[in-house]
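Below is one structure, written out as structure tokens; the observations come after it.
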Amino acid sequence: MKRVFLFLATNLAIIVVLSITLRLLGVERILDEQGVGLDLNALLIFSAVIGFGGSLISLMISKWTARRMTGAQVIERPRDATEQWLLETVQRQARQAGIPMPEVAVYDSPDINAFATGPSKRSSLVAVSTGLLRGMRREEAEAVLAHEVSHVANGDMVTLALIQGVVNTFVIFLSRVIGHLVDRVVFKVERGHGPAFWITAIIAEIVLGILASAIVMWFSRRREFRADAGGAQLAGRGAMIAALERLRQSVDRPHLPDQMAAFGISGQIGQGLKRLFMSHPPLEERIAALKAAQQ
């Protein structure tokens with residue numbers, strides 16, 4: 001649940017800033033002219049502006065956020081043969097996938113991992129850990145890079161932001177409807193909104209946000225299968241399976257920061273209800289899917 005809490009906290013911070021800004025501009029008017037009933041059209045517009053605004057701002061600053069969280073250093077000029085190989089490999093795979101060359105970065109971590117992020121196919125970042133460079137053979141590392149390039153080619157970052165925007169919109173909309181009902185029915189406020197509205201709306205937003213995150217994480221898990229298939233096309237199915245097998249051997253090692261977990265090639269394992277909030281499917285399922293497609 002830690003990843004979900006941190007995700008909600010980041011999302012909530014952006015939403016709070018947007019809410020205050022719109023309220024200062026006089027845009028947050030969700031009651032009718034009499035101040036009694038909800039203006040559902042105005043509330044839906046307000047919720048969409050806040051919901052999509054939060055997700056799109058997160059998307060636009062995603063590369064900056066990723067570099068700050070991981071300490072990733074973009075390769076401007078290769079310092080050694082490994083960095084030269086990284087650039088050449090990503091350049092070749094990007095050309096095969098039909099996308100512009102992403103920025104390539106390395107971050108210092110014992111974790112065998114990598115991630116792709118960025119606001120668009122034309123402005124993307126592919127980063128690998130030093131642990132991956134040390135712990136994988138070249139063909140396995142190439143498959144991981146192909147997986148990340150496939151994420152960029154599939155437009156997964158943009159799609160994830162749009163899904164998050166829709167989820168945010170309904171969370172904000174429903175939380176304020178619930179707050180309004182509690183304010184009117186339980187606390188008998190007849191005009192305007194009392195403190196109960198804001199307290200209830202915040203609590204409802206947190207609860208609904210946790211539940212809605214399961215939808216976002218479901219999409220995140222589905223896109224991993226697509227990226228694995230794309231990686232198999234770019235680097236070979238055998239190499240992609242070997243890379244996932246290598247990752248399975250490192251599941252007990254430290255992983256990406258929780259805020260970045262959905263963008264890495266591997267994530268932590270969850271059981272029971274926690275499985276609903278996993279950003280990645282189990283590696284065993286991903287390997288089985290690749291083997292089944294091979295038959």
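Residues in the structure tokens are numbered from 1 in each chain, the chains being A, B, ... in the order shown, and ligands are numbered from 1 in the order shown.
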
Hey, could you make a per-residue contact list for stretch 90-145 of chain A against stretch 222-225 of chain A with 12 Å as the cut-off, showing the nearest pair of atoms and its distance in Å to one decimal, counting only C-alpha atoms, sorted by chain and number, as a Markdown table?
```
| residue | atom | partner | partner_atom | distance |
| --- | --- | --- | --- | --- |
| A:Phe115 | CA | A:Glu224 | CA | 11.7 |
| A:Ala116 | CA | A:Glu224 | CA | 12.0 |
| A:Val144 | CA | A:Glu224 | CA | 11.8 |
```

**OP:** Among the residues of stretch 129-257 of chain A, find those DSSP assigns to alpha helix (DSSP H) from the backbone and print them as a PyMOL selection string.
**Re:** chain A and resi 130-135+138-153+156-181+195-235+237-248

**OP:** Write out as a VMD selection string which residues come within 12 Å of A:Ile215 when counting only C-alpha atoms, dropping same-chain ones fewer than 4 positions away.
**Re:** chain A and resid 160 163 to 168 208 to 211 219 to 222 275 to 279

Subject >> Residue list (strand (DSSP E or B), DSSP) for stretch 20-104 of chain A, as a list in words >> reply: Leu31, Leu38, Gln73, Val74, Glu103 and Val104 of chain A

Take the selection from the previous step and output its residues with all heavy atoms, as a short mmCIF file (atom, residue, chain, number, x, y, z; two decimals), in the first residue's frame.
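Dumped to again_11.cif:
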```cif
data_model
loop_
_atom_site.label_atom_id
_atom_site.label_comp_id
_atom_site.auth_asym_id
_atom_site.auth_seq_id
_atom_site.Cartn_x
_atom_site.Cartn_y
_atom_site.Cartn_z
N LEU A 31 -22.23 25.07 -6.94
CA LEU A 31 -23.62 25.15 -6.50
C LEU A 31 -24.43 25.95 -7.51
O LEU A 31 -23.87 26.74 -8.28
CB LEU A 31 -23.71 25.80 -5.12
CG LEU A 31 -23.12 25.00 -3.95
CD1 LEU A 31 -23.12 25.85 -2.69
CD2 LEU A 31 -23.88 23.70 -3.73
N LEU A 38 -26.51 21.21 -6.25
CA LEU A 38 -25.29 21.12 -7.04
C LEU A 38 -25.58 21.43 -8.51
O LEU A 38 -26.58 20.96 -9.06
CB LEU A 38 -24.68 19.72 -6.94
CG LEU A 38 -23.89 19.37 -5.68
CD1 LEU A 38 -23.46 17.91 -5.74
CD2 LEU A 38 -22.68 20.26 -5.52
N GLN A 73 21.60 10.11 -14.92
CA GLN A 73 22.43 11.04 -15.67
C GLN A 73 22.28 10.73 -17.17
O GLN A 73 22.61 9.63 -17.62
CB GLN A 73 23.90 10.91 -15.26
CG GLN A 73 24.16 11.23 -13.79
CD GLN A 73 23.89 12.70 -13.46
OE1 GLN A 73 24.26 13.59 -14.22
NE2 GLN A 73 23.23 12.91 -12.33
N VAL A 74 21.78 11.71 -17.91
CA VAL A 74 21.61 11.54 -19.36
C VAL A 74 22.98 11.49 -20.03
O VAL A 74 23.87 12.29 -19.72
CB VAL A 74 20.76 12.68 -19.95
CG1 VAL A 74 20.68 12.55 -21.47
CG2 VAL A 74 19.35 12.66 -19.35
N GLU A 103 16.12 10.08 -25.13
CA GLU A 103 17.30 10.33 -24.31
C GLU A 103 17.65 9.02 -23.59
O GLU A 103 16.76 8.26 -23.22
CB GLU A 103 17.03 11.43 -23.28
CG GLU A 103 16.89 12.81 -23.87
CD GLU A 103 16.69 13.87 -22.80
OE1 GLU A 103 15.78 13.69 -21.96
OE2 GLU A 103 17.43 14.84 -22.79
N VAL A 104 18.93 8.79 -23.39
CA VAL A 104 19.39 7.58 -22.71
C VAL A 104 20.14 8.00 -21.45
O VAL A 104 20.99 8.90 -21.51
CB VAL A 104 20.29 6.73 -23.61
CG1 VAL A 104 20.72 5.45 -22.89
CG2 VAL A 104 19.58 6.39 -24.92
#
```

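When atom CA of A:Pro119 is paired with atom CA of A:Gly54, their separation reads 13.5 Å.
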
Compile a residue-level contact table for stretch 33-107 of chain A against stretch 137-143 of chain A at a cut-off of 9 Å, reporting for every qualifying residue the shortest atom pair and its distance in Å to one decimal, with only C-alpha atoms counted, rows ordered by chain and ascending number, as JSON lines.
```
{"residue": "A:Leu86", "atom": "CA", "partner": "A:Glu142", "partner_atom": "CA", "distance": 8.5}
{"residue": "A:Thr89", "atom": "CA", "partner": "A:Glu142", "partner_atom": "CA", "distance": 7.1}
{"residue": "A:Val90", "atom": "CA", "partner": "A:Glu142", "partner_atom": "CA", "distance": 8.5}
```

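Close contacts of A:Ala292, defined as residues with an atom at most 12 Å away when counting only C-alpha atoms, with chain neighbours fewer than 3 positions off set aside, comprise Ala229, Arg237, Ile241, Glu285, Arg286, Ile287, Ala288, Ala289 and Gln295 of chain A.
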
Subject >> Test item: residues at most 7 Å from A:Ser129, only C-alpha atoms, excluding those fewer than 3 positions along its chain, as a ChimeraX atom specification >> reply: /A:106-109,111-114,132-133
